[in-house]
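Asker: I have a structure here, written as structure tokens, and I will follow up with some questions on it.
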Amino acid sequence: MTWHADLAWLGDAPVADVLITADGGRFTSVTPGVPRPPDAERLAGLTLPGLANAHSHAFHRALRGRTHAGRGTFWTWREQMYAVAARLTPGSYLRLARAVFAEMALAGITCVGEFHYLHHGPGGQRYDDPNEMGAALIEAAAQAGIRITLLDTCYLTASVSGEPLNGAALRFGDGSATAWVDRVEVLKPGKNALVGAAIHSVRAVPRDQLPEVAAWAAGRGAPLHVHLSEQRAENDAAVAAHGRTPTALLAEAGALGPRTTVVHATHLTERDVATLGGSRTRACLCPTTERDLGDGIGPAAALAAAGSPLCTGSDSHAVIDPLEEARAVELHERLRTEHRGHFTAGALMQAATADGHASLGWDDAGTITVGARADLVTVTLESARTAGTDPAGIVFAASAADVTDVIVDGDRIVRDGRHTRLDVPRELREAIAWLS
């Protein structure tokens, strides 16, 4: 396969006239400054490495535009989310997730980290295959044409004080960290997928069981993700119950380090920031969800300065637009500090591409370099949003609507703005109408 990019993002900036070849799903040559040969497919515009969505809850997409009728908080929104969780079956989850992952492909996402905790049937009843819901998500990604890291989530209690799960949340629980390990051990990922671990939060995994989840991930070199300090109430409850912040509890459990990604990290103390940065723990920010839910604005610049690599995710899918998530890391920091210029365009692209893939265990993706996975995302420079824009600042101008072409592991998934396998709007309408 041979492509010629008018412009390609190499390193931390666009480079002109780049000839790219691939074989077996890997780049075999990347040569800038070459006129387009007649046998090369033209990629018109600016071609980026594959974009990573490091934090997703696929079933939340059914809530888009349906939760804004009145005032409320994250906690009232959560009740609406539970109502959707209560109704999903393996078949309906496959249909919904396939549509959501295909929408991600249209936005330039070539790999998703699915933070998966909807494990069991109503009332917590186990399916014959205890990983049937996870298998549905892996198959959905394959059908949509993107890679997935299934971040199988340990979710055991309803509060830091150990309140038992109830209602729809009974579907989330395995009873103990040991039972969670036993179930995950038999999960088969398939060729387009990796299996990682997740601790839902310190309110959902008791203090004495955190180390078992962390040890399982460490023993396999698997990524470990965890919701951290998304809400002030989580911090207050942890300090009241244990005399420690959620970050300190994770550190005590051996759950921090370069293979760990903390999600949101919105309400951190200065000591928390130093602990995360000092351990090189990654931080995944989800700005469009954090503002949709009224969570607050996290200390992105402080985390990066302390040593935490950043990445981004679309979380609840109020918006699926990785370019918007990336620029919002900078723009939210401007709102928080009332100053501009915290992150360069190159740093934001690094978060959205290579660092996002690395957080999901795909260290060989997210760059246009020889030997890397052959993922390419082309953004038009001729739309009303991008015309006349300096390509070096594309992250501050373009949106998902400007993505024209997407190649994943050398396979064409999006051409001229349309998915090559699925009618994505119809898939979304049908999947969500079934649930409504």
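Within each chain, counting starts at residue 1; across the structure tokens, chains are named A, B, ... in the order shown, with ligands numbered 1 upward in that order.
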Please provide the set of residues having any atom within 6 Å of region 95-108 of chain A, restricted to only C-alpha atoms, with same-chain residues fewer than 6 positions apart removed, written as a list in words.
Answerer: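 Within the cut-off, the hits are Leu51, Ala58, Ala140, Ala144, Asp321, Val377, Ala400, Val424, Glu427, Leu428 and Ala431 of chain A.
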Asker: Which residues come within 9 Å of Arg421 (chain A), counting only C-alpha atoms, excluding same-chain residues fewer than 2 positions away, as a ChimeraX atom specification?
Answerer: /A:102,143-145,413-414,418-419,423-424
Asker: Go ahead and dump the residues you just picked, N, CA, C and O atoms, as a short mmCIF file (atom, residue, chain, number, x, y, z; two decimals), in the first residue's frame.
Answerer:
```
data_model
loop_
_atom_site.label_atom_id
_atom_site.label_comp_id
_atom_site.auth_asym_id
_atom_site.auth_seq_id
_atom_site.Cartn_x
_atom_site.Cartn_y
_atom_site.Cartn_z
N ALA A 102 -18.10 3.02 15.46
CA ALA A 102 -18.06 3.50 14.08
C ALA A 102 -18.12 5.03 14.04
O ALA A 102 -17.46 5.66 13.20
N GLN A 143 -16.07 -5.05 14.20
CA GLN A 143 -17.01 -4.74 13.10
C GLN A 143 -16.93 -3.28 12.69
O GLN A 143 -17.16 -2.94 11.53
N ALA A 144 -16.62 -2.40 13.64
CA ALA A 144 -16.49 -0.97 13.32
C ALA A 144 -15.14 -0.64 12.71
O ALA A 144 -14.96 0.46 12.18
N GLY A 145 -14.16 -1.56 12.81
CA GLY A 145 -12.88 -1.36 12.15
C GLY A 145 -11.82 -0.67 12.97
O GLY A 145 -10.82 -0.20 12.42
N ILE A 413 -11.00 2.48 6.50
CA ILE A 413 -12.23 2.41 7.29
C ILE A 413 -13.16 3.57 6.97
O ILE A 413 -14.39 3.42 6.99
N VAL A 414 -12.60 4.73 6.65
CA VAL A 414 -13.39 5.91 6.28
C VAL A 414 -12.83 6.46 4.98
O VAL A 414 -11.61 6.61 4.84
N ARG A 418 -17.16 9.03 4.88
CA ARG A 418 -18.17 8.00 5.09
C ARG A 418 -17.50 6.69 5.51
O ARG A 418 -16.46 6.32 4.98
N HIS A 419 -18.13 6.02 6.46
CA HIS A 419 -17.62 4.72 6.90
C HIS A 419 -17.77 3.72 5.77
O HIS A 419 -18.79 3.68 5.09
N ASP A 423 -23.55 2.21 7.73
CA ASP A 423 -24.29 3.47 7.68
C ASP A 423 -24.42 3.94 9.12
O ASP A 423 -25.33 3.54 9.85
N VAL A 424 -23.51 4.78 9.56
CA VAL A 424 -23.38 5.08 10.99
C VAL A 424 -24.60 5.80 11.55
O VAL A 424 -25.10 5.42 12.62
#
```
Asker: Quick one, how far is CA of Thr337 (chain A) from CA of Cys286 (chain A)?
Answerer: 18.3 Å
Asker: Within 12 Å of Asp292 (chain A), counting only C-alpha atoms, which residues qualify if same-chain residues fewer than 5 places away don't, as JSON, numbers by chain?
Answerer: {"A": [63, 64, 65, 66, 67, 68, 72, 73, 74, 77, 286, 287, 297, 314, 315, 316, 317, 318, 319]}
Asker: Check the smallest atom-to-atom distance from each of A:Pro425, A:Gly123, A:Gly11, A:Gly361 to Ala169 (chain A) using only C-alpha atoms, then report the winner.
Answerer: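 Looking only at the distances to Ala169 (chain A), the closest residue turns out to be A:Gly123.
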Asker: Which polymer residues have any atom within 9 Å of an atom of region 271-275 of chain A, counting only C-alpha atoms, with same-chain residues fewer than 4 positions away left out, as a VMD selection string?
Answerer: chain A and resid 245 to 248 251 256 265 279 to 281 299 302 to 303 306 to 308
Asker: Based on the selection just made, write all heavy atoms of those residues as a CSV table (one decimal), in the first residue's frame.
Answerer:
```csv
chain,number,residue,atom,x,y,z
A,245,THR,N,-6.4,10.7,50.9
A,245,THR,CA,-7.1,11.1,49.7
A,245,THR,C,-7.2,9.8,48.8
A,245,THR,O,-6.4,8.9,49.0
A,245,THR,CB,-6.3,12.2,48.9
A,245,THR,OG1,-5.0,11.6,48.5
A,245,THR,CG2,-6.2,13.4,49.7
A,246,PRO,N,-8.0,9.8,47.8
A,246,PRO,CA,-8.0,8.7,46.8
A,246,PRO,C,-6.7,8.4,46.2
A,246,PRO,O,-6.3,7.3,46.0
A,246,PRO,CB,-9.1,9.1,45.8
A,246,PRO,CG,-10.0,10.0,46.6
A,246,PRO,CD,-9.1,10.7,47.5
A,247,THR,N,-5.9,9.5,45.9
A,247,THR,CA,-4.6,9.3,45.3
A,247,THR,C,-3.7,8.5,46.3
A,247,THR,O,-2.9,7.6,45.9
A,247,THR,CB,-3.9,10.6,44.9
A,247,THR,OG1,-4.7,11.3,43.9
A,247,THR,CG2,-2.5,10.5,44.4
A,248,ALA,N,-3.7,8.9,47.6
A,248,ALA,CA,-2.9,8.3,48.6
A,248,ALA,C,-3.3,6.8,48.7
A,248,ALA,O,-2.4,5.9,49.0
A,248,ALA,CB,-3.0,9.0,49.9
A,251,ALA,N,-1.7,4.9,45.9
A,251,ALA,CA,-0.3,4.8,46.1
A,251,ALA,C,0.0,3.7,47.1
A,251,ALA,O,0.9,2.9,46.9
A,251,ALA,CB,0.3,6.1,46.5
A,256,LEU,N,-0.1,2.8,41.4
A,256,LEU,CA,0.4,3.9,40.5
A,256,LEU,C,1.6,3.5,39.8
A,256,LEU,O,2.3,2.6,40.1
A,256,LEU,CB,0.6,5.2,41.4
A,256,LEU,CG,-0.6,5.7,42.1
A,256,LEU,CD1,-0.2,7.0,42.9
A,256,LEU,CD2,-1.8,6.0,41.2
A,265,ALA,N,-9.1,13.1,37.4
A,265,ALA,CA,-8.1,13.8,38.3
A,265,ALA,C,-8.4,15.2,38.5
A,265,ALA,O,-7.5,16.1,38.5
A,265,ALA,CB,-6.7,13.6,37.7
A,279,SER,N,5.4,9.4,40.2
A,279,SER,CA,5.4,8.0,39.8
A,279,SER,C,5.2,7.8,38.3
A,279,SER,O,5.1,6.6,37.8
A,279,SER,CB,4.2,7.3,40.5
A,279,SER,OG,3.0,7.9,40.2
A,280,ARG,N,5.1,8.9,37.5
A,280,ARG,CA,4.9,8.9,36.1
A,280,ARG,C,3.6,8.3,35.7
A,280,ARG,O,3.4,7.7,34.6
A,280,ARG,CB,6.1,8.1,35.4
A,280,ARG,CG,7.4,8.8,35.5
A,280,ARG,CD,7.6,10.1,34.8
A,280,ARG,NE,7.5,9.9,33.4
A,280,ARG,CZ,7.3,10.9,32.5
A,280,ARG,NH1,7.2,12.2,33.0
A,280,ARG,NH2,7.3,10.7,31.2
A,281,THR,N,2.7,8.3,36.6
A,281,THR,CA,1.3,7.9,36.3
A,281,THR,C,0.7,8.8,35.3
A,281,THR,O,0.8,10.0,35.4
A,281,THR,CB,0.4,7.9,37.6
A,281,THR,OG1,1.0,7.0,38.5
A,281,THR,CG2,-1.0,7.5,37.3
A,299,PRO,N,-6.2,20.1,37.0
A,299,PRO,CA,-4.9,20.8,36.9
A,299,PRO,C,-4.1,20.2,35.9
A,299,PRO,O,-3.0,19.6,36.2
A,299,PRO,CB,-4.4,20.7,38.3
A,299,PRO,CG,-4.9,19.3,38.8
A,299,PRO,CD,-6.3,19.2,38.2
A,302,ALA,N,-0.4,21.5,35.8
A,302,ALA,CA,0.4,21.1,36.9
A,302,ALA,C,0.7,19.6,36.9
A,302,ALA,O,1.9,19.2,37.2
A,302,ALA,CB,-0.4,21.4,38.2
A,303,LEU,N,-0.2,18.8,36.4
A,303,LEU,CA,0.1,17.3,36.2
A,303,LEU,C,1.2,17.1,35.2
A,303,LEU,O,2.2,16.3,35.5
A,303,LEU,CB,-1.2,16.6,35.8
A,303,LEU,CG,-2.2,16.3,36.9
A,303,LEU,CD1,-3.5,16.0,36.3
A,303,LEU,CD2,-1.7,15.2,37.9
A,306,ALA,N,4.5,18.1,36.6
A,306,ALA,CA,5.0,17.2,37.7
A,306,ALA,C,5.5,15.9,37.1
A,306,ALA,O,6.2,15.1,37.8
A,306,ALA,CB,3.9,16.9,38.6
A,307,GLY,N,5.2,15.6,35.8
A,307,GLY,CA,5.7,14.4,35.2
A,307,GLY,C,4.7,13.4,34.7
A,307,GLY,O,5.1,12.3,34.3
A,308,SER,N,3.4,13.7,34.8
A,308,SER,CA,2.4,12.8,34.3
A,308,SER,C,2.1,13.1,32.8
A,308,SER,O,1.6,14.2,32.5
A,308,SER,CB,1.1,13.1,35.1
A,308,SER,OG,1.2,12.6,36.4
```
Asker: Find the residues around Ala168 (chain A) up to 8 Å (only C-alpha atoms counted), leave out those fewer than 3 positions away in its own chain, and share them as a list of chain:residue names.
Answerer: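 That gives A:Tyr82, A:Ala83, A:Ala85, A:Ala86, A:Pro122, A:Gly123, A:Arg171, A:Phe172.
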Asker: Return the single residue from A:Ala69, A:Met133, A:Ala54, A:Leu210 that is closest to Pro90 (chain A), with distances computed using only C-alpha atoms.
Answerer: A:Met133
Asker: Compile the contact shell of Leu151 (chain A) as a PDB file with N, CA, C and O atoms, in the first residue's frame: residues with an atom at most 7 Å away, counting only C-alpha atoms, same-chain residues fewer than 4 positions apart removed.
Answerer:
```
ATOM      1  N   GLY A 113     -10.202   2.904  24.401  1.00  0.00           N
ATOM      2  CA  GLY A 113     -10.107   2.257  25.699  1.00  0.00           C
ATOM      3  C   GLY A 113     -11.491   2.211  26.310  1.00  0.00           C
ATOM      4  O   GLY A 113     -12.028   3.247  26.720  1.00  0.00           O
ATOM      5  N   GLU A 114     -12.086   1.027  26.339  1.00  0.00           N
ATOM      6  CA  GLU A 114     -13.460   0.876  26.829  1.00  0.00           C
ATOM      7  C   GLU A 114     -13.425   0.482  28.305  1.00  0.00           C
ATOM      8  O   GLU A 114     -13.025  -0.627  28.662  1.00  0.00           O
ATOM      9  N   PHE A 115     -13.834   1.390  29.160  1.00  0.00           N
ATOM     10  CA  PHE A 115     -13.844   1.211  30.603  1.00  0.00           C
ATOM     11  C   PHE A 115     -15.131   0.454  30.949  1.00  0.00           C
ATOM     12  O   PHE A 115     -16.187   1.021  31.152  1.00  0.00           O
ATOM     13  N   HIS A 116     -14.993  -0.869  30.996  1.00  0.00           N
ATOM     14  CA  HIS A 116     -16.154  -1.770  30.930  1.00  0.00           C
ATOM     15  C   HIS A 116     -16.506  -2.340  32.295  1.00  0.00           C
ATOM     16  O   HIS A 116     -15.730  -3.087  32.894  1.00  0.00           O
ATOM     17  N   VAL A 195      -6.606  -6.770  26.588  1.00  0.00           N
ATOM     18  CA  VAL A 195      -7.363  -6.714  27.836  1.00  0.00           C
ATOM     19  C   VAL A 195      -6.508  -6.046  28.889  1.00  0.00           C
ATOM     20  O   VAL A 195      -5.371  -6.447  29.141  1.00  0.00           O
ATOM     21  N   GLY A 196      -7.048  -4.984  29.469  1.00  0.00           N
ATOM     22  CA  GLY A 196      -6.418  -4.317  30.592  1.00  0.00           C
ATOM     23  C   GLY A 196      -7.343  -4.368  31.788  1.00  0.00           C
ATOM     24  O   GLY A 196      -8.417  -4.974  31.748  1.00  0.00           O
ATOM     25  N   ALA A 197      -6.924  -3.734  32.859  1.00  0.00           N
ATOM     26  CA  ALA A 197      -7.692  -3.728  34.099  1.00  0.00           C
ATOM     27  C   ALA A 197      -8.122  -2.308  34.433  1.00  0.00           C
ATOM     28  O   ALA A 197      -7.510  -1.335  33.993  1.00  0.00           O
ATOM     29  N   ALA A 198      -9.183  -2.229  35.218  1.00  0.00           N
ATOM     30  CA  ALA A 198      -9.608  -0.936  35.736  1.00  0.00           C
ATOM     31  C   ALA A 198     -10.144  -1.104  37.151  1.00  0.00           C
ATOM     32  O   ALA A 198     -10.818  -2.089  37.461  1.00  0.00           O
TER      33      ALA A 198
END
```
Asker: Can you work out which one of A:Val202, A:Leu376, A:Ala347, A:Leu194 has the shortest atom-to-atom distance to Pro49 (chain A), counting only C-alpha atoms?
Answerer: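 Closest to Pro49 (chain A) of all the choices is A:Leu376.
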Asker: Here is a test: counting only C-alpha atoms, which residue of A:Thr369, A:Ser92, A:Ser383, A:Ser56 is nearest to Ile20 (chain A)?
Answerer: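 Among the listed residues, the smallest separation from Ile20 (chain A) belongs to A:Thr369.
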Asker: Using DSSP secondary structure from the backbone, list all strand (DSSP E) positions within region 79-312 of chain A, as an MDAnalysis selection string.
Answerer: chainID A and resid 109:116 147:154 193:199 224:228 260:264 282:285 310:312
Asker: Residues of the last selection are to be written out with C-alpha atoms, as a compact mmCIF listing (two decimals), in the first residue's frame.
Answerer:
```txt
# COMPACT_ATOMS: atom_id res chain seq x y z
CA ILE A 109 -10.22 7.49 16.37
CA THR A 110 -8.31 4.33 15.53
CA CYS A 111 -8.22 2.81 19.04
CA VAL A 112 -10.56 3.02 22.03
CA GLY A 113 -10.11 2.26 25.70
CA GLU A 114 -13.46 0.88 26.83
CA PHE A 115 -13.84 1.21 30.60
CA HIS A 116 -16.15 -1.77 30.93
CA ARG A 147 -8.79 -1.52 17.85
CA ILE A 148 -9.92 -1.79 21.45
CA THR A 149 -8.36 -2.15 24.85
CA LEU A 150 -11.07 -3.65 27.03
CA LEU A 151 -10.40 -2.17 30.45
CA ASP A 152 -12.26 -4.76 32.45
CA THR A 153 -13.40 -2.96 35.58
CA CYS A 154 -13.52 -4.19 39.14
CA ALA A 193 -7.96 -6.19 21.12
CA LEU A 194 -6.02 -6.08 24.35
CA VAL A 195 -7.36 -6.71 27.84
CA GLY A 196 -6.42 -4.32 30.59
CA ALA A 197 -7.69 -3.73 34.10
CA ALA A 198 -9.61 -0.94 35.74
CA ILE A 199 -10.45 0.02 39.29
CA LEU A 224 -4.53 -0.18 34.64
CA HIS A 225 -7.05 2.67 34.59
CA VAL A 226 -9.01 4.23 37.44
CA HIS A 227 -11.51 7.05 37.91
CA LEU A 228 -9.81 9.43 40.33
CA THR A 260 -1.51 3.30 35.18
CA THR A 261 -3.81 6.02 33.90
CA VAL A 262 -5.97 8.05 36.26
CA VAL A 263 -9.11 9.42 34.62
CA HIS A 264 -10.41 12.96 35.30
CA ARG A 282 -0.63 9.02 33.25
CA ALA A 283 -3.69 11.28 33.42
CA CYS A 284 -6.62 11.06 31.01
CA LEU A 285 -8.70 14.21 30.73
CA LEU A 310 -1.55 13.40 29.43
CA CYS A 311 -4.09 11.77 27.14
CA THR A 312 -7.75 12.36 26.35
```
